[in-house]
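Structure file upload.csv (CSV, C-alpha atoms and all ligand atoms) follows.
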```csv
chain,number,residue,atom,x,y,z
A,17,MET,CA,0.0,0.0,0.0
A,18,ASP,CA,1.2,3.5,-0.7
A,19,HIS,CA,-0.6,5.5,2.0
A,20,LEU,CA,-2.1,4.4,5.3
A,21,VAL,CA,-3.9,7.0,7.4
A,22,ILE,CA,-4.7,6.4,11.0
A,23,GLY,CA,-7.8,8.2,12.2
A,24,ALA,CA,-11.1,9.2,10.4
A,25,GLY,CA,-11.6,12.5,12.2
A,26,PRO,CA,-11.8,15.7,10.1
A,27,ALA,CA,-8.1,15.6,9.3
A,28,GLY,CA,-8.1,11.9,8.2
A,29,LEU,CA,-11.2,12.4,6.1
A,30,GLN,CA,-9.9,15.5,4.4
A,31,LEU,CA,-6.7,13.7,3.5
A,32,ALA,CA,-8.6,10.6,2.3
A,33,TYR,CA,-10.7,12.9,0.1
A,34,TYR,CA,-7.7,14.2,-1.7
A,35,LEU,CA,-6.0,10.8,-1.9
A,36,GLU,CA,-9.3,9.4,-3.4
A,37,GLN,CA,-9.5,12.3,-5.9
A,38,ALA,CA,-5.9,11.7,-7.0
A,39,GLY,CA,-6.6,8.0,-7.5
A,40,ARG,CA,-4.0,6.9,-4.9
A,41,ASP,CA,-3.7,3.6,-3.2
A,42,TYR,CA,-4.7,4.3,0.4
A,43,LEU,CA,-6.6,3.0,3.4
A,44,VAL,CA,-7.8,4.8,6.6
A,45,LEU,CA,-7.9,2.8,9.8
A,46,GLU,CA,-10.3,4.2,12.4
A,47,ALA,CA,-10.7,2.9,16.0
A,48,GLY,CA,-14.3,4.0,16.3
A,49,ALA,CA,-17.4,2.7,14.5
A,50,THR,CA,-18.0,5.9,12.5
A,51,PRO,CA,-16.0,9.0,11.3
A,52,GLY,CA,-15.7,11.8,13.8
A,53,THR,CA,-15.9,9.7,17.0
A,54,PHE,CA,-14.2,12.4,18.9
A,55,PHE,CA,-17.3,14.5,18.7
A,56,ARG,CA,-19.4,11.7,20.3
A,57,THR,CA,-17.6,12.6,23.6
A,58,PHE,CA,-16.4,16.1,23.1
A,59,PRO,CA,-17.1,18.9,23.8
A,60,ARG,CA,-18.5,17.5,27.0
A,61,HIS,CA,-21.6,19.7,26.7
A,62,GLN,CA,-22.1,18.4,23.2
A,63,ARG,CA,-22.3,21.8,21.6
A,64,LEU,CA,-19.7,22.7,19.1
A,65,ILE,CA,-17.4,25.6,20.0
A,66,SER,CA,-16.7,26.2,16.3
A,67,ILE,CA,-19.6,28.5,15.6
A,68,ASN,CA,-21.7,28.0,12.5
A,69,LYS,CA,-22.1,31.0,10.3
A,70,THR,CA,-25.0,30.3,8.0
A,71,HIS,CA,-26.0,34.0,7.6
A,72,THR,CA,-22.9,35.8,6.4
A,73,GLY,CA,-24.8,38.4,4.4
A,74,CYS,CA,-22.6,37.5,1.4
A,75,THR,CA,-23.2,35.3,-1.7
A,76,ASP,CA,-19.6,34.8,-2.6
A,77,PRO,CA,-19.0,31.1,-2.1
A,78,GLU,CA,-15.3,31.6,-1.6
A,79,LEU,CA,-15.8,34.1,1.1
A,80,ASN,CA,-18.5,32.0,2.8
A,81,LEU,CA,-16.2,29.0,2.8
A,82,ARG,CA,-13.5,31.2,4.5
A,83,MET,CA,-16.1,32.1,7.2
A,84,ASP,CA,-17.1,28.4,7.6
A,85,TRP,CA,-15.3,26.9,10.6
A,86,ASN,CA,-16.7,23.4,10.2
A,87,SER,CA,-16.8,22.2,6.6
A,88,LEU,CA,-14.3,20.0,4.9
A,89,LEU,CA,-13.1,21.0,1.5
A,90,SER,CA,-14.6,19.3,-1.5
A,91,ASP,CA,-16.0,20.1,-5.0
A,92,ASP,CA,-19.5,19.3,-3.8
A,93,VAL,CA,-21.0,22.6,-2.6
A,94,GLY,CA,-24.0,20.7,-1.2
A,95,LEU,CA,-21.7,19.0,1.3
A,96,ARG,CA,-21.1,22.0,3.5
A,97,PHE,CA,-21.7,21.8,7.3
A,98,THR,CA,-23.9,25.0,7.0
A,99,GLN,CA,-26.5,22.9,5.2
A,100,TYR,CA,-26.8,20.6,8.2
A,101,THR,CA,-28.0,23.1,10.8
A,102,GLU,CA,-28.8,26.8,11.2
A,103,ARG,CA,-27.7,26.8,14.9
A,104,TYR,CA,-24.9,29.1,15.7
A,105,PHE,CA,-23.7,26.6,18.3
A,106,PRO,CA,-24.5,23.3,16.6
A,107,ASP,CA,-24.9,20.0,18.3
A,108,ALA,CA,-21.8,17.8,18.2
A,109,GLU,CA,-24.1,15.1,16.7
A,110,ASP,CA,-24.5,17.4,13.6
A,111,MET,CA,-20.8,17.1,13.1
A,112,VAL,CA,-20.8,13.3,13.4
A,113,ARG,CA,-23.6,13.1,10.9
A,114,TYR,CA,-21.9,15.5,8.5
A,115,LEU,CA,-18.6,13.7,8.6
A,116,GLY,CA,-20.4,10.3,8.1
A,117,ASP,CA,-22.1,11.7,5.0
A,118,PHE,CA,-18.9,13.1,3.7
A,119,ALA,CA,-17.1,9.8,4.0
A,120,ALA,CA,-20.1,8.0,2.3
A,121,ALA,CA,-20.5,10.5,-0.5
A,122,PHE,CA,-17.0,10.2,-1.7
A,123,ARG,CA,-16.8,6.4,-0.9
A,124,LEU,CA,-13.6,7.0,1.2
A,125,ARG,CA,-11.8,3.8,1.9
A,126,ILE,CA,-12.1,3.5,5.7
A,127,GLN,CA,-12.0,0.4,7.9
A,128,TYR,CA,-13.8,1.1,11.2
A,129,ASN,CA,-13.5,-0.6,14.6
A,130,THR,CA,-9.8,-1.0,13.9
A,131,ARG,CA,-7.3,0.4,16.4
A,132,VAL,CA,-3.6,0.6,15.3
A,133,GLU,CA,-1.6,-0.9,18.2
A,134,LYS,CA,1.9,-1.2,16.9
A,135,ILE,CA,4.0,0.5,14.3
A,136,THR,CA,7.5,-0.5,13.3
A,137,ARG,CA,9.7,0.7,10.5
A,138,ASN,CA,12.2,-1.1,8.4
A,139,GLY,CA,12.2,0.9,5.2
A,140,SER,CA,8.5,0.8,4.9
A,141,PHE,CA,6.1,1.0,7.8
A,142,ARG,CA,4.5,-2.2,9.3
A,143,ILE,CA,1.3,-1.7,11.2
A,144,VAL,CA,-0.4,-4.2,13.5
A,145,THR,CA,-4.1,-3.6,14.6
A,146,ASP,CA,-6.0,-4.8,17.5
A,147,ARG,CA,-7.8,-7.3,15.2
A,148,GLY,CA,-4.4,-8.9,14.5
A,149,GLN,CA,-4.2,-7.6,10.9
A,150,GLU,CA,-0.9,-6.5,9.5
A,151,TYR,CA,-0.4,-3.8,6.9
A,152,GLU,CA,2.7,-2.5,5.1
A,153,THR,CA,2.8,1.0,3.7
A,154,LYS,CA,5.3,3.3,2.1
A,155,ARG,CA,3.7,6.4,3.8
A,156,LEU,CA,2.1,6.6,7.2
A,157,ILE,CA,0.0,9.5,8.3
A,158,ALA,CA,-1.1,9.8,11.9
A,159,ALA,CA,-4.4,11.8,12.0
A,160,THR,CA,-5.1,10.7,15.5
A,161,GLY,CA,-6.1,14.0,17.0
A,162,VAL,CA,-5.9,14.7,20.8
A,163,SER,CA,-3.2,12.7,22.5
A,164,LYS,CA,-2.2,12.1,26.0
A,165,PRO,CA,1.4,12.7,27.1
A,166,TYR,CA,3.8,9.8,27.4
A,167,LEU,CA,5.2,9.7,30.9
A,168,PRO,CA,8.4,7.7,31.2
A,169,VAL,CA,9.0,5.9,34.5
A,170,ILE,CA,11.7,8.2,35.9
A,171,PRO,CA,12.0,8.9,39.6
A,172,GLY,CA,10.7,12.4,40.3
A,173,ILE,CA,8.7,12.6,37.0
A,174,GLU,CA,5.7,13.8,39.0
A,175,THR,CA,7.5,17.1,39.8
A,176,ALA,CA,7.9,17.9,36.1
A,177,GLU,CA,5.6,20.5,34.7
A,178,LEU,CA,3.8,19.3,31.6
A,179,TYR,CA,2.9,21.4,28.6
A,180,ASP,CA,-0.8,20.3,28.6
A,181,VAL,CA,-1.4,21.5,32.1
A,182,CYS,CA,-3.5,24.6,32.7
A,183,GLN,CA,-4.6,26.3,35.9
A,184,SER,CA,-8.2,25.4,36.8
A,185,ILE,CA,-9.2,29.0,37.7
A,186,PHE,CA,-7.0,31.1,35.4
A,187,ALA,CA,-5.9,30.1,31.9
A,188,THR,CA,-2.4,31.4,31.1
A,189,SER,CA,0.3,30.3,28.7
A,190,SER,CA,3.1,31.8,30.9
A,191,THR,CA,4.8,29.3,33.1
A,192,SER,CA,6.1,31.9,35.6
A,193,ALA,CA,2.6,33.5,35.7
A,194,TYR,CA,1.2,30.1,36.2
A,195,SER,CA,3.5,29.3,39.2
A,196,SER,CA,2.8,32.7,40.7
A,197,LEU,CA,-0.9,32.2,40.5
A,198,ALA,CA,-0.7,28.7,41.9
A,199,LYS,CA,1.3,30.1,44.9
A,200,ALA,CA,-1.1,33.1,45.2
A,201,ILE,CA,-4.1,30.8,45.5
A,202,PRO,CA,-3.6,28.4,48.4
A,203,GLY,CA,-5.1,25.0,47.8
A,204,SER,CA,-5.4,25.6,44.0
A,205,ARG,CA,-4.2,22.8,41.9
A,206,PRO,CA,-3.6,22.3,38.2
A,207,LEU,CA,-6.2,20.7,36.0
A,208,THR,CA,-5.1,18.6,33.1
A,209,ILE,CA,-7.4,18.8,30.1
B,1,LIG,C1,-12.4,19.5,24.5
B,1,LIG,C2,-12.3,19.8,23.1
B,1,LIG,C3,-13.4,20.4,22.4
B,1,LIG,C4,-13.3,20.7,21.0
B,1,LIG,N1,-14.4,21.2,20.4
B,1,LIG,C5,-14.3,21.5,19.1
B,1,LIG,C6,-15.4,22.1,18.4
B,1,LIG,O1,-16.5,22.3,18.9
B,1,LIG,N2,-15.3,22.3,17.0
B,1,LIG,C7,-14.1,22.1,16.4
B,1,LIG,O2,-14.0,22.3,15.2
B,1,LIG,N3,-13.0,21.5,17.0
B,1,LIG,C8,-13.1,21.3,18.3
B,1,LIG,N4,-12.0,20.8,19.0
B,1,LIG,C9,-10.8,20.5,18.2
B,1,LIG,C10,-11.1,19.2,17.6
B,1,LIG,O3,-10.5,18.2,18.4
B,1,LIG,C11,-10.6,19.2,16.2
B,1,LIG,O4,-11.1,20.3,15.5
B,1,LIG,C12,-10.9,17.9,15.4
B,1,LIG,O5,-11.5,16.9,16.2
B,1,LIG,C13,-9.5,17.5,15.0
B,1,LIG,O6,-9.7,16.6,14.0
B,1,LIG,P1,-8.6,15.4,13.9
B,1,LIG,O7,-9.0,14.6,12.7
B,1,LIG,O8,-7.2,16.0,13.9
B,1,LIG,O9,-8.7,14.6,15.2
B,1,LIG,P2,-9.9,13.7,15.8
B,1,LIG,O10,-11.2,14.3,15.5
B,1,LIG,O11,-9.6,13.5,17.3
B,1,LIG,O12,-9.8,12.3,15.1
B,1,LIG,C14,-8.8,11.4,15.4
B,1,LIG,C15,-9.4,10.0,15.1
B,1,LIG,O13,-8.3,9.1,15.2
B,1,LIG,C16,-8.9,7.9,15.8
B,1,LIG,N5,-7.7,7.2,16.4
B,1,LIG,C17,-7.0,7.7,17.4
B,1,LIG,N6,-6.0,6.7,17.7
B,1,LIG,C18,-6.2,5.7,16.8
B,1,LIG,C19,-5.5,4.5,16.6
B,1,LIG,N7,-4.5,4.1,17.4
B,1,LIG,N8,-6.0,3.6,15.7
B,1,LIG,C20,-7.1,4.0,14.9
B,1,LIG,N9,-7.7,5.2,15.1
B,1,LIG,C21,-7.3,6.0,16.0
B,1,LIG,C22,-9.9,8.4,16.8
B,1,LIG,O14,-10.9,7.4,17.0
B,1,LIG,C23,-10.5,9.6,16.0
B,1,LIG,O15,-11.7,9.3,15.3
B,1,LIG,C24,-12.1,20.4,20.3
B,1,LIG,C25,-11.0,19.9,21.0
B,1,LIG,C26,-11.1,19.6,22.4
B,1,LIG,C27,-9.9,19.0,23.1
```

Take the structure in this file and express it as structure tokens.
Ligand SMILES: Cc1cc2nc3c(=O)[nH]c(=O)nc-3n(C[C@H](O)[C@H](O)[C@H](O)COP(=O)(O)OP(=O)(O)OC[C@H]3O[C@@H](n4cnc5c(N)ncnc54)[C@H](O)[C@@H]3O)c2cc1C
Amino acid sequence: MDHLVIGAGPAGLQLAYYLEQAGRDYLVLEAGATPGTFFRTFPRHQRLISINKTHTGCTDPELNLRMDWNSLLSDDVGLRFTQYTERYFPDAEDMVRYLGDFAAAFRLRIQYNTRVEKITRNGSFRIVTDRGQEYETKRLIAATGVSKPYLPVIPGIETAELYDVCQSIFATSSTSAYSSLAKAIPGSRPLTI
């Protein structure tokens, strides 16, 4: 195989679309049962934070697409997220439905319920899934979205500050400001998101 994509979220689907259009040899492996499984759990309140601008006051499709925070790119103007709901803060379920329709409309080659468990490389990439299948590919693309940090077993690792930690009360990107705030608020503790 030439291209193997891990993950059928928006990124994996968009890439699969272009691979399909270009007539490439590819396969997408997706751990979940459908595209966009991230949105079945997040955002927790199940309302998208990517607002949906259906009323831009403009008829220029190019400009409307630029204002569109949710649609994937394709030649099918009917397959825009804005056609799925008028809500400014749409349901996450709308996104799952949209991504499912996108994958089906372009007959993207996706194998669901398949988690990649092991990747080795010896020239080409060798992939092993939780179903015991093995694939070999020249190019491997990880479109796996949100990840959790790898914490090596090192004495004292718990004292290291991680990049994905933010203060539960104040959000700040400054480490020194973060430390000052943590000291200034007795009993406060970092929240990992
Ligand atoms: C809390 C939170 C809320 C968010 N809300 C929004 C929002 O409202 N709107 C918005 O546009 N963006 C939102 N985002 C950003 C959002 O995550 C991205 O826009 C979008 O999901 C990224 O798409 P992606 O394809 O890169 O990753 P994902 O959508 O996460 O897709 C990755 C896919 O890879 C699959 N996968 C992972 N590991 C494996 C494996 N080993 N084998 C096989 N498959 C695997 C997963 O099942 C998943 O389907 C939010 C992010 C967070 C953290």

Problem - Pick from A:Pro106, A:Gly139, A:Pro171, A:Gly94, whichever lies nearest to ligand LIG 1 (chain B) using all atoms listed in the file - result: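 Closest to ligand LIG 1 (chain B) of all the choices is A:Pro106.
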
Exercise for the section: Skip region 96-101 of chain A itself and residues of its chain fewer than 6 positions away, then list as a ChimeraX atom specification all residues within 12 Å of it, counting all atoms listed in the file. Expected result: /A:26,64,66-72,77,80-90,107-118

Sorted by chain and rising residue number, which residues of chain A lie within 6 Å of ligand LIG 1 (chain B), and what are their closest atom pairs and distances in Å to one decimal, counting all atoms listed in the file, as JSON lines?
```
{"residue": "A:Ile22", "atom": "CA", "partner": "B:LIG1", "partner_atom": "C20", "distance": 5.2}
{"residue": "A:Gly23", "atom": "CA", "partner": "B:LIG1", "partner_atom": "O13", "distance": 3.2}
{"residue": "A:Ala24", "atom": "CA", "partner": "B:LIG1", "partner_atom": "O15", "distance": 4.9}
{"residue": "A:Gly25", "atom": "CA", "partner": "B:LIG1", "partner_atom": "O7", "distance": 3.4}
{"residue": "A:Pro26", "atom": "CA", "partner": "B:LIG1", "partner_atom": "O7", "distance": 4.0}
{"residue": "A:Ala27", "atom": "CA", "partner": "B:LIG1", "partner_atom": "O7", "distance": 3.7}
{"residue": "A:Gly28", "atom": "CA", "partner": "B:LIG1", "partner_atom": "O7", "distance": 5.3}
{"residue": "A:Leu45", "atom": "CA", "partner": "B:LIG1", "partner_atom": "C20", "distance": 5.3}
{"residue": "A:Glu46", "atom": "CA", "partner": "B:LIG1", "partner_atom": "N9", "distance": 3.9}
{"residue": "A:Ala47", "atom": "CA", "partner": "B:LIG1", "partner_atom": "N9", "distance": 3.9}
{"residue": "A:Gly48", "atom": "CA", "partner": "B:LIG1", "partner_atom": "O14", "distance": 4.9}
{"residue": "A:Pro51", "atom": "CA", "partner": "B:LIG1", "partner_atom": "O15", "distance": 5.9}
{"residue": "A:Gly52", "atom": "CA", "partner": "B:LIG1", "partner_atom": "O15", "distance": 4.9}
{"residue": "A:Thr53", "atom": "CA", "partner": "B:LIG1", "partner_atom": "O15", "distance": 4.5}
{"residue": "A:Phe54", "atom": "CA", "partner": "B:LIG1", "partner_atom": "O10", "distance": 4.9}
{"residue": "A:Phe58", "atom": "CA", "partner": "B:LIG1", "partner_atom": "C3", "distance": 5.3}
{"residue": "A:Pro59", "atom": "CA", "partner": "B:LIG1", "partner_atom": "C3", "distance": 4.2}
{"residue": "A:Leu64", "atom": "CA", "partner": "B:LIG1", "partner_atom": "O1", "distance": 3.2}
{"residue": "A:Ile65", "atom": "CA", "partner": "B:LIG1", "partner_atom": "O1", "distance": 3.6}
{"residue": "A:Ser66", "atom": "CA", "partner": "B:LIG1", "partner_atom": "N2", "distance": 4.2}
{"residue": "A:Asn86", "atom": "CA", "partner": "B:LIG1", "partner_atom": "O2", "distance": 5.8}
{"residue": "A:Thr130", "atom": "CA", "partner": "B:LIG1", "partner_atom": "C20", "distance": 5.8}
{"residue": "A:Arg131", "atom": "CA", "partner": "B:LIG1", "partner_atom": "N8", "distance": 3.5}
{"residue": "A:Val132", "atom": "CA", "partner": "B:LIG1", "partner_atom": "N8", "distance": 3.9}
{"residue": "A:Glu133", "atom": "CA", "partner": "B:LIG1", "partner_atom": "N7", "distance": 5.8}
{"residue": "A:Ala159", "atom": "CA", "partner": "B:LIG1", "partner_atom": "O8", "distance": 5.4}
{"residue": "A:Thr160", "atom": "CA", "partner": "B:LIG1", "partner_atom": "O13", "distance": 3.6}
{"residue": "A:Gly161", "atom": "CA", "partner": "B:LIG1", "partner_atom": "O9", "distance": 3.2}
{"residue": "A:Val162", "atom": "CA", "partner": "B:LIG1", "partner_atom": "O11", "distance": 5.2}
```

Selection to disk with C-alpha atoms, as a short mmCIF file (atom, residue, chain, number, x, y, z; two decimals), in the frame of the given file:
```
data_model
loop_
_atom_site.label_atom_id
_atom_site.label_comp_id
_atom_site.auth_asym_id
_atom_site.auth_seq_id
_atom_site.Cartn_x
_atom_site.Cartn_y
_atom_site.Cartn_z
CA ILE A 22 -4.70 6.40 11.00
CA GLY A 23 -7.80 8.20 12.20
CA ALA A 24 -11.10 9.20 10.40
CA GLY A 25 -11.60 12.50 12.20
CA PRO A 26 -11.80 15.70 10.10
CA ALA A 27 -8.10 15.60 9.30
CA GLY A 28 -8.10 11.90 8.20
CA LEU A 45 -7.90 2.80 9.80
CA GLU A 46 -10.30 4.20 12.40
CA ALA A 47 -10.70 2.90 16.00
CA GLY A 48 -14.30 4.00 16.30
CA PRO A 51 -16.00 9.00 11.30
CA GLY A 52 -15.70 11.80 13.80
CA THR A 53 -15.90 9.70 17.00
CA PHE A 54 -14.20 12.40 18.90
CA PHE A 58 -16.40 16.10 23.10
CA PRO A 59 -17.10 18.90 23.80
CA LEU A 64 -19.70 22.70 19.10
CA ILE A 65 -17.40 25.60 20.00
CA SER A 66 -16.70 26.20 16.30
CA ASN A 86 -16.70 23.40 10.20
CA THR A 130 -9.80 -1.00 13.90
CA ARG A 131 -7.30 0.40 16.40
CA VAL A 132 -3.60 0.60 15.30
CA GLU A 133 -1.60 -0.90 18.20
CA ALA A 159 -4.40 11.80 12.00
CA THR A 160 -5.10 10.70 15.50
CA GLY A 161 -6.10 14.00 17.00
CA VAL A 162 -5.90 14.70 20.80
#
```

Exercise for the section: May I ask which of the residues A:Cys74, A:Ala121, A:Ala49, A:Leu178 is the closest one to Asp92 (chain A), counting all atoms listed in the file? Expected result: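 Closest candidate: A:Ala121.
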
Practice task
Mind listing whatever residues come within 6 Å of the point (-0.5, 8.2, 7.5)? Use all atoms listed in the file, file coordinates, and give them as number ranges by chain.
Solution key: A: 20-22, 155-158

Handout entry: Atom-to-atom span, CA of Met17 (chain A) and CA of Thr153 (chain A), Å
Key =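 Separating CA of Met17 (chain A) from CA of Thr153 (chain A) is a distance of 4.7 Å.
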
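Separating CA of Thr145 (chain A) from CA of Arg60 (chain A) is a distance of 28.4 Å.
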
Per residue of region 111-137 of chain A within 9 Å of region 30-36 of chain A, what are the shortest atom pair and its distance in Å to one decimal, counting all atoms listed in the file, with rows by chain and residue number, as a tab-separated table?
```
residue	atom	partner	partner_atom	distance
A:Phe118	CA	A:Tyr33	CA	9.0
A:Ala119	CA	A:Tyr33	CA	8.1
A:Phe122	CA	A:Tyr33	CA	7.1
A:Arg123	CA	A:Glu36	CA	8.5
A:Leu124	CA	A:Ala32	CA	6.3
A:Arg125	CA	A:Ala32	CA	7.5
A:Ile126	CA	A:Ala32	CA	8.6
```

Practice task
Between CA of Thr75 (chain A) and CA of Arg63 (chain A), measure the distance and give it in Å to one decimal.
Solution key: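 Here the two named atoms are 26.9 Å from each other.
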
Practice task
Point out the residue among A:Lys154, A:Tyr166, A:Glu174, A:Ala38 with the least atom-to-atom distance to Phe141 (chain A), counting only C-alpha atoms.
Solution key: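 Distance minimum relative to Phe141 (chain A) lands on A:Lys154.
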
Since the input is missing atoms, can you rebuild N, CA and C atoms for region 70-99 of chain A and write them as a tab-separated table (two decimals), keeping the file's coordinate frame?
```tsv
chain	number	residue	atom	x	y	z
A	70	THR	N	-24.17	30.58	9.18
A	70	THR	CA	-25.00	30.30	8.00
A	70	THR	C	-25.45	31.62	7.35
A	71	HIS	N	-25.51	32.69	8.13
A	71	HIS	CA	-26.00	34.00	7.60
A	71	HIS	C	-24.81	34.97	7.56
A	72	THR	N	-24.06	34.93	6.48
A	72	THR	CA	-22.90	35.80	6.40
A	72	THR	C	-23.25	37.14	5.74
A	73	GLY	N	-24.43	37.17	5.10
A	73	GLY	CA	-24.80	38.40	4.40
A	73	GLY	C	-24.07	38.51	3.07
A	74	CYS	N	-23.48	37.42	2.63
A	74	CYS	CA	-22.60	37.50	1.40
A	74	CYS	C	-22.97	36.26	0.54
A	75	THR	N	-22.91	36.43	-0.76
A	75	THR	CA	-23.20	35.30	-1.70
A	75	THR	C	-21.97	34.72	-2.31
A	76	ASP	N	-20.84	35.31	-2.04
A	76	ASP	CA	-19.60	34.80	-2.60
A	76	ASP	C	-19.21	33.48	-1.96
A	77	PRO	N	-19.27	32.36	-2.72
A	77	PRO	CA	-19.00	31.10	-2.10
A	77	PRO	C	-17.59	30.98	-1.50
A	78	GLU	N	-16.64	31.63	-2.13
A	78	GLU	CA	-15.30	31.60	-1.60
A	78	GLU	C	-15.17	32.27	-0.26
A	79	LEU	N	-15.82	33.42	-0.14
A	79	LEU	CA	-15.80	34.10	1.10
A	79	LEU	C	-16.57	33.35	2.20
A	80	ASN	N	-17.72	32.79	1.80
A	80	ASN	CA	-18.50	32.00	2.80
A	80	ASN	C	-17.73	30.81	3.28
A	81	LEU	N	-16.96	30.20	2.39
A	81	LEU	CA	-16.20	29.00	2.80
A	81	LEU	C	-15.07	29.49	3.80
A	82	ARG	N	-14.53	30.66	3.57
A	82	ARG	CA	-13.50	31.20	4.50
A	82	ARG	C	-14.10	31.44	5.88
A	83	MET	N	-15.38	31.80	5.91
A	83	MET	CA	-16.10	32.10	7.20
A	83	MET	C	-16.55	30.80	7.86
A	84	ASP	N	-16.49	29.70	7.13
A	84	ASP	CA	-17.10	28.40	7.60
A	84	ASP	C	-16.01	27.66	8.40
A	85	TRP	N	-16.29	27.50	9.69
A	85	TRP	CA	-15.30	26.90	10.60
A	85	TRP	C	-15.42	25.35	10.61
A	86	ASN	N	-16.41	24.79	9.98
A	86	ASN	CA	-16.70	23.40	10.20
A	86	ASN	C	-16.62	22.48	8.96
A	87	SER	N	-16.79	23.06	7.79
A	87	SER	CA	-16.80	22.20	6.60
A	87	SER	C	-15.47	21.72	6.16
A	88	LEU	N	-15.48	20.53	5.58
A	88	LEU	CA	-14.30	20.00	4.90
A	88	LEU	C	-14.31	20.57	3.47
A	89	LEU	N	-13.15	20.55	2.85
A	89	LEU	CA	-13.10	21.00	1.50
A	89	LEU	C	-13.44	19.92	0.51
A	90	SER	N	-14.27	20.25	-0.46
A	90	SER	CA	-14.60	19.30	-1.50
A	90	SER	C	-15.22	20.09	-2.67
A	91	ASP	N	-15.35	19.43	-3.82
A	91	ASP	CA	-16.00	20.10	-5.00
A	91	ASP	C	-17.48	20.12	-4.88
A	92	ASP	N	-18.04	19.38	-3.94
A	92	ASP	CA	-19.50	19.30	-3.80
A	92	ASP	C	-19.98	20.41	-2.86
A	93	VAL	N	-20.53	21.47	-3.43
A	93	VAL	CA	-21.00	22.60	-2.60
A	93	VAL	C	-22.15	22.24	-1.72
A	94	GLY	N	-22.84	21.14	-2.07
A	94	GLY	CA	-24.00	20.70	-1.20
A	94	GLY	C	-23.48	20.05	0.05
A	95	LEU	N	-22.22	19.67	0.07
A	95	LEU	CA	-21.70	19.00	1.30
A	95	LEU	C	-20.93	20.04	2.14
A	96	ARG	N	-21.69	21.01	2.60
A	96	ARG	CA	-21.10	22.00	3.50
A	96	ARG	C	-21.87	21.83	4.86
A	97	PHE	N	-21.12	22.00	5.93
A	97	PHE	CA	-21.70	21.80	7.30
A	97	PHE	C	-22.91	22.79	7.46
A	98	THR	N	-22.82	23.96	6.84
A	98	THR	CA	-23.90	25.00	7.00
A	98	THR	C	-25.23	24.49	6.49
A	99	GLN	N	-25.23	23.43	5.67
A	99	GLN	CA	-26.50	22.90	5.20
A	99	GLN	C	-27.14	21.95	6.21
```
